[in-house]
$ cat upload.txt   # compact mmCIF, C-alpha atoms
# COMPACT_ATOMS: atom_id res chain seq x y z
CA MET A 214 1.68 -29.59 -3.03
CA GLU A 215 -0.81 -30.02 -5.86
CA ILE A 216 -2.15 -26.89 -7.54
CA SER A 217 -4.78 -26.77 -10.28
CA PHE A 218 -5.46 -23.83 -12.52
CA THR A 219 -6.39 -23.06 -16.10
CA VAL A 220 -3.69 -21.87 -18.44
CA ASN A 221 -4.68 -20.65 -21.89
CA ASP A 222 -8.01 -22.52 -21.64
CA VAL A 223 -6.41 -25.79 -20.55
CA LEU A 224 -6.83 -27.12 -17.02
CA GLN A 225 -3.42 -27.91 -15.54
CA THR A 226 -2.43 -29.60 -12.31
CA VAL A 227 1.14 -29.25 -11.10
CA ASN A 228 3.04 -30.64 -8.15
CA VAL A 229 5.45 -28.28 -6.44
CA GLU A 230 7.59 -28.82 -3.36
CA ASP A 231 7.45 -25.15 -2.41
CA GLU A 232 4.05 -23.49 -2.65
CA ASN A 233 5.82 -20.13 -2.82
CA THR A 234 7.59 -21.05 -6.07
CA PRO A 235 7.12 -18.14 -8.47
CA LEU A 236 4.37 -18.78 -11.00
CA LEU A 237 6.90 -17.84 -13.69
CA TRP A 238 8.99 -20.96 -13.00
CA VAL A 239 5.94 -23.19 -13.14
CA ILE A 240 4.79 -21.64 -16.42
CA ARG A 241 8.20 -21.88 -18.05
CA ASP A 242 9.82 -24.96 -16.54
CA ILE A 243 6.90 -27.27 -15.75
CA LEU A 244 4.34 -26.24 -18.36
CA ASP A 245 7.03 -25.42 -20.93
CA LEU A 246 5.48 -22.14 -22.01
CA LYS A 247 8.61 -20.14 -22.77
CA GLY A 248 6.96 -16.98 -24.09
CA THR A 249 6.84 -15.42 -20.63
CA LYS A 250 10.34 -14.15 -19.84
CA PHE A 251 12.51 -13.84 -16.77
CA GLY A 252 14.00 -10.37 -16.56
CA CYS A 253 14.90 -9.10 -13.11
CA GLY A 254 13.16 -11.49 -10.71
CA LYS A 255 12.13 -8.52 -8.58
CA ALA A 256 8.84 -7.49 -10.19
CA ALA A 257 10.59 -4.45 -11.59
CA CYS A 258 11.04 -4.91 -15.35
CA GLY A 259 7.74 -6.54 -16.31
CA ALA A 260 9.18 -9.13 -18.73
CA CYS A 261 7.28 -11.83 -16.81
CA THR A 262 3.88 -10.10 -17.05
CA LEU A 263 0.93 -12.41 -17.66
CA HIS A 264 -2.75 -12.33 -16.73
CA VAL A 265 -4.35 -13.96 -13.70
CA ASP A 266 -8.13 -13.73 -13.94
CA GLY A 267 -7.66 -10.96 -16.47
CA GLU A 268 -5.39 -8.81 -14.32
CA ALA A 269 -1.76 -8.15 -15.27
CA VAL A 270 0.63 -9.57 -12.68
CA ARG A 271 4.38 -9.93 -12.44
CA SER A 272 4.73 -13.71 -12.34
CA CYS A 273 8.27 -13.68 -10.94
CA SER A 274 6.77 -12.28 -7.75
CA TYR A 275 3.55 -14.28 -7.67
CA ALA A 276 3.57 -17.41 -5.52
CA VAL A 277 2.06 -20.34 -7.39
CA LYS A 278 -0.20 -21.14 -4.40
CA PHE A 279 -2.22 -18.01 -5.17
CA VAL A 280 -3.21 -19.28 -8.60
CA GLN A 281 -5.28 -22.23 -7.36
CA ASP A 282 -8.59 -22.38 -9.30
CA LYS A 283 -7.74 -19.24 -11.23
CA THR A 284 -7.33 -18.56 -14.93
CA VAL A 285 -3.96 -17.67 -16.37
CA THR A 286 -3.31 -16.27 -19.81
CA THR A 287 0.21 -16.10 -21.20
CA ILE A 288 1.42 -14.57 -24.43
CA GLU A 289 0.84 -17.98 -26.09
CA GLY A 290 -2.86 -17.74 -25.20
CA LEU A 291 -3.40 -14.09 -26.10
CA GLY A 292 -4.08 -14.96 -29.74
CA ASN A 293 -2.85 -17.23 -32.50
CA ARG A 294 -1.87 -17.01 -36.17
CA GLU A 295 -5.45 -17.56 -37.30
CA ASN A 296 -6.96 -15.15 -34.82
CA PRO A 297 -4.32 -12.77 -33.50
CA HIS A 298 -5.09 -10.37 -30.68
CA PRO A 299 -5.33 -6.68 -31.70
CA VAL A 300 -2.17 -6.05 -29.68
CA GLN A 301 -0.31 -8.69 -31.67
CA LEU A 302 -1.59 -7.25 -34.96
CA ALA A 303 -0.54 -3.75 -33.95
CA TRP A 304 2.88 -4.93 -32.81
CA VAL A 305 3.47 -6.52 -36.21
CA GLU A 306 2.12 -3.52 -38.08
CA GLU A 307 4.34 -1.05 -36.22
CA ILE A 308 7.35 -3.41 -36.30
CA VAL A 309 7.85 -2.79 -32.61
CA PRO A 310 10.41 -5.33 -31.36
CA GLN A 311 14.13 -4.96 -31.63
CA CYS A 312 15.68 -7.83 -29.66
CA GLY A 313 12.15 -8.82 -28.59
CA TYR A 314 12.95 -10.23 -25.18
CA CYS A 315 10.75 -7.87 -23.17
CA GLN A 316 7.94 -7.66 -25.72
CA PRO A 317 5.65 -10.44 -24.41
CA GLY A 318 5.49 -8.62 -21.08
CA PHE A 319 4.68 -5.33 -22.77
CA MET A 320 2.02 -6.96 -24.94
CA MET A 321 0.34 -8.61 -21.95
CA ALA A 322 0.42 -5.34 -20.04
CA THR A 323 -1.09 -3.56 -23.05
CA ALA A 324 -3.83 -6.17 -23.47
CA ALA A 325 -4.74 -5.70 -19.79
CA LEU A 326 -4.78 -1.93 -20.25
CA LEU A 327 -7.09 -2.06 -23.29
CA LYS A 328 -9.59 -4.14 -21.32
CA LYS A 329 -9.78 -1.40 -18.69
CA VAL A 330 -9.20 1.61 -20.91
CA PRO A 331 -10.26 0.85 -24.49
CA LYS A 332 -8.96 4.18 -25.84
CA PRO A 333 -5.94 5.05 -23.73
CA THR A 334 -4.38 8.49 -23.82
CA ASP A 335 -0.64 9.02 -23.73
CA GLU A 336 -1.02 9.69 -20.03
CA ASP A 337 -2.84 6.37 -19.53
CA ILE A 338 0.00 4.66 -21.37
CA ASP A 339 2.64 6.42 -19.26
CA ASN A 340 0.84 5.44 -16.06
CA ASN A 341 0.07 1.83 -16.90
CA ILE A 342 2.79 0.60 -19.21
CA ILE A 343 5.82 0.83 -16.98
CA ASN A 344 7.79 -2.19 -18.15
CA VAL A 345 11.43 -1.82 -19.11
CA CYS A 346 12.85 -2.22 -22.63
CA ARG A 347 16.62 -2.11 -22.93
CA CYS A 348 16.39 -1.56 -26.69
CA GLY A 349 14.32 1.58 -26.12
CA THR A 350 11.38 0.64 -28.31
CA TYR A 351 9.07 2.83 -26.26
CA TYR A 352 8.23 5.19 -29.10
CA ARG A 353 7.14 2.39 -31.41
CA MET A 354 5.25 0.73 -28.56
CA ARG A 355 3.28 3.88 -27.91
CA LYS A 356 2.22 3.98 -31.56
CA ALA A 357 1.37 0.29 -31.45
CA ILE A 358 -0.76 0.71 -28.33
CA HIS A 359 -2.82 3.42 -30.01
CA LYS A 360 -3.02 1.23 -33.12
CA ALA A 361 -4.14 -1.76 -31.04
CA ALA A 362 -6.91 0.36 -29.53
CA GLU A 363 -8.10 1.27 -33.05
CA ILE A 364 -8.03 -2.35 -34.20
CA GLN A 365 -9.89 -3.45 -31.07
CA ALA A 366 -12.53 -0.74 -31.62
CA GLU A 367 -12.99 -1.80 -35.26
CA LYS A 368 -13.27 -5.40 -34.22
CA ASP A 369 -15.87 -4.57 -31.57
CA THR A 370 -17.88 -2.52 -34.10
CA ASN A 371 -17.80 -5.33 -36.67
CA GLU A 372 -18.86 -7.87 -34.08
CA SER A 373 -21.75 -5.74 -32.86
CA ASN A 374 -22.89 -5.20 -36.50
CA MET A 375 -22.96 -8.96 -37.00
CA VAL A 376 -25.29 -9.52 -34.05
CA MET B 15 -1.10 52.78 66.53
CA ASN B 16 -3.93 52.76 69.04
CA LEU B 17 -5.68 49.75 70.49
CA LYS B 18 -8.67 50.00 68.14
CA THR B 19 -6.45 49.88 65.07
CA TRP B 20 -4.58 46.88 66.50
CA PHE B 21 -7.90 45.15 67.06
CA VAL B 22 -9.11 45.75 63.50
CA PHE B 23 -5.75 44.58 62.14
CA LEU B 24 -5.93 41.46 64.31
CA MET B 25 -9.48 40.66 63.22
CA ILE B 26 -8.61 41.06 59.52
CA SER B 27 -5.63 38.81 59.98
CA ILE B 28 -7.71 36.13 61.72
CA VAL B 29 -10.38 36.27 59.00
CA GLY B 30 -7.64 36.04 56.37
CA VAL B 31 -6.06 33.01 58.01
CA LEU B 32 -9.45 31.31 58.37
CA LEU B 33 -10.31 31.96 54.73
CA ALA B 34 -6.95 30.66 53.64
CA LEU B 35 -7.37 27.51 55.69
CA ALA B 36 -10.87 26.97 54.35
CA ASN B 37 -9.60 27.07 50.74
CA THR B 38 -6.47 24.98 51.20
CA PRO B 39 -6.64 21.65 49.34
CA THR B 40 -6.94 18.67 51.62
CA ILE B 41 -4.47 15.80 51.47
CA PHE B 42 -7.07 13.92 49.42
CA GLU B 43 -7.24 16.76 46.94
CA TYR B 44 -3.45 16.79 46.64
CA HIS B 45 -3.53 13.08 45.82
CA LEU B 46 -6.24 13.68 43.22
CA LEU B 47 -4.13 16.31 41.51
CA GLU B 48 -1.10 14.08 41.58
CA ASN B 49 -3.11 11.24 40.06
CA GLN B 50 -4.47 13.52 37.34
CA GLN B 51 -0.97 14.67 36.53
CA SER B 52 0.22 11.09 36.53
CA GLU B 53 -2.54 10.12 34.09
CA ILE B 54 -1.63 13.03 31.83
CA ASN B 55 2.01 11.92 31.89
CA LYS B 56 1.02 8.35 31.07
CA SER B 57 -1.24 9.51 28.24
CA ASP B 58 1.59 11.67 26.84
CA GLU B 59 3.95 8.73 27.11
CA ALA B 60 1.48 6.51 25.26
CA PHE B 61 1.00 9.22 22.64
CA ASN B 62 4.74 9.51 22.04
CA LYS B 63 5.18 5.75 21.85
CA MET B 64 2.37 5.54 19.32
CA MET B 65 3.86 8.41 17.33
CA ASP B 66 7.30 6.76 17.29
CA VAL B 67 5.61 4.10 15.20
CA LEU B 68 3.34 6.25 13.06
CA THR B 69 6.20 8.54 12.03
CA HIS B 70 8.48 5.61 11.20
CA GLN B 71 9.09 5.09 7.50
CA ARG B 72 7.32 1.70 7.55
CA CYS B 73 4.09 3.59 8.22
CA MET B 74 4.88 6.96 6.70
CA ASN B 75 5.77 5.54 3.26
CA CYS B 76 2.12 4.75 2.61
CA HIS B 77 0.73 7.94 4.18
CA PRO B 78 2.10 10.49 1.69
CA ASN B 79 0.82 14.00 1.23
CA ASP B 80 1.71 14.16 -2.45
CA ASN B 81 -0.13 11.02 -3.69
CA ILE B 82 3.20 9.35 -4.41
CA PRO B 83 3.93 6.19 -2.40
CA LYS B 84 7.41 6.06 -0.91
CA GLN B 85 9.88 3.22 -0.57
CA GLY B 86 12.75 2.24 1.65
CA ASN B 87 14.26 3.80 4.74
CA ASP B 88 15.13 6.90 2.71
CA ARG B 89 11.47 7.35 1.77
CA ARG B 90 12.27 7.72 -1.91
CA PRO B 91 9.38 8.03 -4.37
CA HIS B 92 8.11 4.63 -5.50
CA TYR B 93 9.93 3.46 -8.59
CA PHE B 94 8.25 3.44 -12.01
CA GLY B 95 6.15 6.53 -11.40
CA MET B 96 3.55 4.70 -9.35
CA ALA B 97 0.95 7.00 -7.78
CA ARG B 98 -2.30 6.94 -5.84
CA GLY B 99 -4.68 6.64 -8.80
CA GLU B 100 -8.41 6.91 -8.26
CA ASP B 101 -8.85 4.30 -5.54
CA ASP B 102 -5.55 4.52 -3.60
CA LYS B 103 -4.31 1.39 -5.41
CA GLY B 104 -2.53 2.76 -8.44
CA PHE B 105 -3.67 2.88 -12.05
CA GLN B 106 -6.31 0.95 -13.95
CA ALA B 107 -4.20 -1.90 -15.32
CA THR B 108 -1.03 -1.43 -13.32
CA ASN B 109 -1.84 -1.19 -9.68
CA CYS B 110 -0.51 -2.29 -6.31
CA ASN B 111 -1.58 -5.89 -6.90
CA THR B 112 0.33 -6.13 -10.14
CA CYS B 113 3.39 -6.64 -7.95
CA HIS B 114 2.24 -6.76 -4.30
CA ASN B 115 0.36 -9.76 -2.98
CA SER B 116 -1.32 -10.54 0.34
CA GLU B 117 2.02 -11.52 1.90
CA ASN B 118 5.71 -10.77 1.47
CA ASN B 119 7.38 -12.52 -1.44
CA THR B 120 10.69 -13.99 -0.33
CA TYR B 121 11.81 -14.74 -3.91
CA SER B 122 11.52 -11.20 -5.24
CA GLY B 123 11.70 -9.22 -2.00
CA VAL B 124 8.46 -7.46 -2.90
CA PRO B 125 6.54 -6.68 0.31
CA GLY B 126 2.92 -7.66 0.65
CA ALA B 127 -0.04 -7.73 3.03
CA PRO B 128 -3.82 -7.91 2.64
CA HIS B 129 -5.41 -4.93 0.83
CA TRP B 130 -2.01 -3.41 0.00
CA SER B 131 -2.72 0.21 -0.88
CA LEU B 132 -2.04 3.79 0.08
CA ALA B 133 -3.84 5.28 3.03
CA PRO B 134 -6.58 7.66 1.82
CA ALA B 135 -5.41 11.15 0.87
CA SER B 136 -7.22 12.53 3.93
CA MET B 137 -4.81 10.50 6.04
CA GLY B 138 -1.66 11.93 4.50
CA TRP B 139 0.83 12.43 7.31
CA GLU B 140 4.03 13.26 5.48
CA GLY B 141 5.44 16.58 6.67
CA LEU B 142 2.98 16.98 9.56
CA THR B 143 3.91 17.35 13.23
CA ARG B 144 2.91 14.64 15.68
CA SER B 145 0.05 16.79 16.92
CA GLN B 146 -1.21 17.38 13.41
CA ILE B 147 -1.08 13.67 12.67
CA ALA B 148 -3.05 12.99 15.84
CA GLU B 149 -5.64 15.58 14.88
CA ARG B 150 -6.19 13.80 11.57
CA LEU B 151 -6.22 10.45 13.27
CA VAL B 152 -9.19 11.29 15.48
CA ASP B 153 -11.01 13.51 12.99
CA LYS B 154 -13.90 11.42 11.68
CA ASN B 155 -13.99 13.47 8.49
CA ALA B 156 -10.40 12.43 7.81
CA ASN B 157 -10.22 8.94 9.30
CA GLY B 158 -13.04 7.31 7.39
CA GLN B 159 -15.76 8.06 9.98
CA ARG B 160 -14.04 5.81 12.52
CA SER B 161 -15.03 6.04 16.18
CA PHE B 162 -12.35 5.54 18.83
CA ASP B 163 -13.29 1.86 19.04
CA GLU B 164 -13.07 1.45 15.30
CA LEU B 165 -9.80 3.36 15.24
CA LEU B 166 -8.42 1.07 17.93
CA LYS B 167 -9.46 -1.99 15.94
CA HIS B 168 -7.91 -0.60 12.75
CA MET B 169 -4.64 0.35 14.40
CA THR B 170 -4.19 -2.81 16.43
CA GLU B 171 -5.74 -5.52 14.28
CA ASP B 172 -5.54 -4.54 10.61
CA GLU B 173 -3.04 -6.86 8.91
CA LEU B 174 -1.67 -4.11 6.70
CA VAL B 175 -0.96 -1.92 9.75
CA LEU B 176 0.64 -4.82 11.62
CA TRP B 177 2.76 -5.67 8.56
CA ALA B 178 5.10 -2.96 9.88
CA TRP B 179 6.49 -5.57 12.31
CA THR B 180 6.90 -8.30 9.70
CA PRO B 181 8.17 -6.31 6.71
CA GLY B 182 10.31 -9.16 5.38
CA ILE B 183 13.37 -8.81 3.20
CA ASP B 184 14.00 -6.24 0.52
CA PRO B 185 15.00 -7.09 -3.08
CA ASN B 186 18.64 -7.17 -1.96
CA GLY B 187 17.87 -9.80 0.66
CA GLN B 188 18.28 -7.38 3.58
CA GLU B 189 15.80 -7.40 6.45
CA ARG B 190 13.63 -4.29 6.41
CA GLU B 191 13.80 -2.08 9.47
CA VAL B 192 10.91 -2.40 11.91
CA PRO B 193 9.47 0.47 14.00
CA PRO B 194 11.36 1.34 17.22
CA VAL B 195 8.50 0.18 19.46
CA SER B 196 7.35 -3.44 19.71
CA LYS B 197 3.96 -4.44 18.32
CA GLU B 198 2.56 -5.20 21.77
CA GLU B 199 3.84 -1.91 23.24
CA PHE B 200 2.29 -0.07 20.32
CA LYS B 201 -1.07 -1.78 20.76
CA ASN B 202 -1.07 -0.97 24.47
CA ALA B 203 -0.07 2.61 23.82
CA VAL B 204 -2.83 3.16 21.26
CA GLU B 205 -5.40 1.62 23.59
CA TYR B 206 -4.26 3.71 26.58
CA TRP B 207 -4.19 6.94 24.60
CA LEU B 208 -7.65 6.42 23.11
CA ASP B 209 -9.14 5.15 26.38
CA ASN B 210 -7.93 8.30 28.10
CA GLY B 211 -9.60 10.66 25.71
CA ALA B 212 -6.97 10.84 22.94
CA VAL B 213 -5.43 13.95 24.45
CA ILE B 214 -2.94 15.64 22.16
CA PRO B 215 -0.04 16.78 24.40
CA THR B 216 0.48 20.25 22.97
CA LYS B 217 -3.15 21.18 23.61
$ encode --input "upload.txt" --output "structure tokens"
Amino acid sequence: MEISFTVNDVLQTVNVEDENTPLLWVIRDILDLKGTKFGCGKAACGACTLHVDGEAVRSCSYAVKFVQDKTVTTIEGLGNRENPHPVQLAWVEEIVPQCGYCQPGFMMATAALLKKVPKPTDEDIDNNIINVCRCGTYYRMRKAIHKAAEIQAEKDTNESNMV
Amino acid sequence: MNLKTWFVFLMISIVGVLLALANTPTIFEYHLLENQQSEINKSDEAFNKMMDVLTHQRCMNCHPNDNIPKQGNDRRPHYFGMARGEDDKGFQATNCNTCHNSENNTYSGVPGAPHWSLAPASMGWEGLTRSQIAERLVDKNANGQRSFDELLKHMTEDELVLWAWTPGIDPNGQEREVPPVSKEEFKNAVEYWLDNGAVIPTK
């Protein structure tokens, strides 16, 4: 089965035998984007979180057939060295990761949260950021999420002043 | 006792017998009563069959009274602190569709069906008796302003409701338990109960 979708602004067409293949496998093994991680395979830990049409989804539990004609953003497409995403800047500033394995999922979940809730409270963070980190970096992540919200707000203000 | 007294007694007795005969139900009336009773029994039977499904965990898990979705046969609170949120679908960025799709996922064991969500808070059934559930079911203020026809359509055609009979496998690869009544029996029971006035047995 042939499936076409946009990944990080690039149109991709993949051939899969099983249309129910998890999107995660297609992203990692066919498109070779290794930033999105496999954690539990049961949509429980959130290491595989990416965006489909701007919404955070657990790609280990998302059949690739559902992504036809949609837009996917992975951690590789969130930002880059020249123009990092506020979440990436905040993560660096707060030195969040320990082993780092789960962090792409957390960062994608956070980016999705900031789109919906630009200035999240601790309660918003508790409700929406429910991924699992075995290193226990939750405290630093909370700080980084608030920091990311500040950076995003500054960025938005600067951009509106330029218009 | 003199003759006059006997006569009065006799006349009263005759009048009594005639009155009694005049007010005795005919055979036809007996049949009517039997039929009414039979219909009540059938309606109660349909009600109980319907309730066997509605009170099963496959249905009850998404009809909580505490805004917390439940999971599994043990009706445990949904993992990860998931809750109703503002629109019955979880929180702003992490909601039902973050993990649940429009169909079951056989790779992860995550269940799915169209418009996966909690039932509205007004349709919370957890902890209620069968009669109380039925009262909510037919109360337009609680059931989303649904008429009997609309209720019938919802209960017998909505894909999320009917998911109860195709719940798929859980994350451990085990088949999920289905309700104790077949889908067709349930549909017939709902239709019969509603068609016969949605009588709640205890009333």
$ atom_distance --input "upload.txt" --atom1 "CA of Cys261 in chain A" --atom2 "CA of Asp101 in chain B"
25.4 Å
$ closest_residue --input "upload.txt" --among "B:Asn202, B:Asn210, B:Gln106, B:Ser136" --to "chain A" --atoms "all atoms listed in the file"
B:Gln106
$ closest_atom_pairs --input "upload.txt" --of "chain A" --to "chain B" --cutoff "8 Å" --atoms "only C-alpha atoms" --output "JSON lines"
{"residue": "A:Asn233", "atom": "CA", "partner": "B:Asn119", "partner_atom": "CA", "distance": 7.9}
{"residue": "A:Thr234", "atom": "CA", "partner": "B:Tyr121", "partner_atom": "CA", "distance": 7.9}
{"residue": "A:Pro235", "atom": "CA", "partner": "B:Tyr121", "partner_atom": "CA", "distance": 7.4}
{"residue": "A:Gly254", "atom": "CA", "partner": "B:Ser122", "partner_atom": "CA", "distance": 5.7}
{"residue": "A:Lys255", "atom": "CA", "partner": "B:Ser122", "partner_atom": "CA", "distance": 4.3}
{"residue": "A:Ala256", "atom": "CA", "partner": "B:Cys113", "partner_atom": "CA", "distance": 6.0}
{"residue": "A:Glu268", "atom": "CA", "partner": "B:Ala107", "partner_atom": "CA", "distance": 7.1}
{"residue": "A:Ala269", "atom": "CA", "partner": "B:Thr112", "partner_atom": "CA", "distance": 5.9}
{"residue": "A:Val270", "atom": "CA", "partner": "B:Thr112", "partner_atom": "CA", "distance": 4.3}
{"residue": "A:Arg271", "atom": "CA", "partner": "B:Cys113", "partner_atom": "CA", "distance": 5.7}
{"residue": "A:Cys273", "atom": "CA", "partner": "B:Ser122", "partner_atom": "CA", "distance": 7.0}
{"residue": "A:Ser274", "atom": "CA", "partner": "B:Ser122", "partner_atom": "CA", "distance": 5.5}
{"residue": "A:Tyr275", "atom": "CA", "partner": "B:Asn115", "partner_atom": "CA", "distance": 7.3}
{"residue": "A:Ala276", "atom": "CA", "partner": "B:Asn119", "partner_atom": "CA", "distance": 7.4}
{"residue": "A:Ala322", "atom": "CA", "partner": "B:Ala107", "partner_atom": "CA", "distance": 7.4}
{"residue": "A:Ala325", "atom": "CA", "partner": "B:Ala107", "partner_atom": "CA", "distance": 5.9}
{"residue": "A:Leu326", "atom": "CA", "partner": "B:Ala107", "partner_atom": "CA", "distance": 5.0}
{"residue": "A:Lys329", "atom": "CA", "partner": "B:Gln106", "partner_atom": "CA", "distance": 6.3}
{"residue": "A:Val330", "atom": "CA", "partner": "B:Gln106", "partner_atom": "CA", "distance": 7.6}
{"residue": "A:Asn340", "atom": "CA", "partner": "B:Phe105", "partner_atom": "CA", "distance": 6.6}
{"residue": "A:Asn341", "atom": "CA", "partner": "B:Thr108", "partner_atom": "CA", "distance": 5.0}
{"residue": "A:Ile342", "atom": "CA", "partner": "B:Thr108", "partner_atom": "CA", "distance": 7.3}
{"residue": "A:Ile343", "atom": "CA", "partner": "B:Phe94", "partner_atom": "CA", "distance": 6.1}
$ residues_around --input "upload.txt" --residues "Ala133 in chain B" --least-positions-apart "4" --cutoff "7 Å" --atoms "all atoms listed in the file" --output "list in words"
Cys76, His77, Asp102 and Met137 of chain B
$ atom_distance --input "upload.txt" --atom1 "CA of Asp58 in chain B" --atom2 "CA of Thr216 in chain B"
9.5 Å
$ atom_distance --input "upload.txt" --atom1 "CA of Ala362 in chain A" --atom2 "CA of Pro331 in chain A"
6.1 Å
$ residues_around --input "upload.txt" --residues "Lys247 in chain A" --least-positions-apart "4" --cutoff "12 Å" --atoms "all atoms listed in the file" --output "PyMOL selection string"
chain A and resi 237-243+251+260-261+287-290+314+317
$ residues_around --input "upload.txt" --residues "Arg347 in chain A" --least-positions-apart "4" --cutoff "12 Å" --atoms "only C-alpha atoms" --output "MDAnalysis selection string"
chainID A and resid 252 258:260 310:316 351
$ closest_residue --input "upload.txt" --among "A:Leu244, A:Lys278, A:Val265, A:Lys283" --to "Phe218 in chain A" --atoms "all atoms listed in the file"
A:Lys283
$ residues_around --input "upload.txt" --residues "Leu142 in chain B" --least-positions-apart "6" --cutoff "10 Å" --atoms "all atoms listed in the file" --output "MDAnalysis selection string"
chainID B and resid 69 79 148 150
$ closest_residue --input "upload.txt" --among "B:Glu59, B:Asp80, B:Glu199, B:Glu191" --to "Ala135 in chain B" --atoms "all atoms listed in the file"
B:Asp80
$ residues_around --input "upload.txt" --residues "Arg353 in chain A" --least-positions-apart "6" --cutoff "10 Å" --atoms "all atoms listed in the file" --output "list in words"
Trp304, Glu307, Ile308, Val309 and Pro310 of chain A
$ closest_residue --input "upload.txt" --among "B:Ala212, B:Leu132, B:Leu24, B:Leu32" --to "Ile82 in chain B" --atoms "all atoms listed in the file"
B:Leu132
$ closest_residue --input "upload.txt" --among "B:Ile28, B:Arg72, B:Ser57, B:Gly86" --to "Gln188 in chain B" --atoms "all atoms listed in the file"
B:Gly86
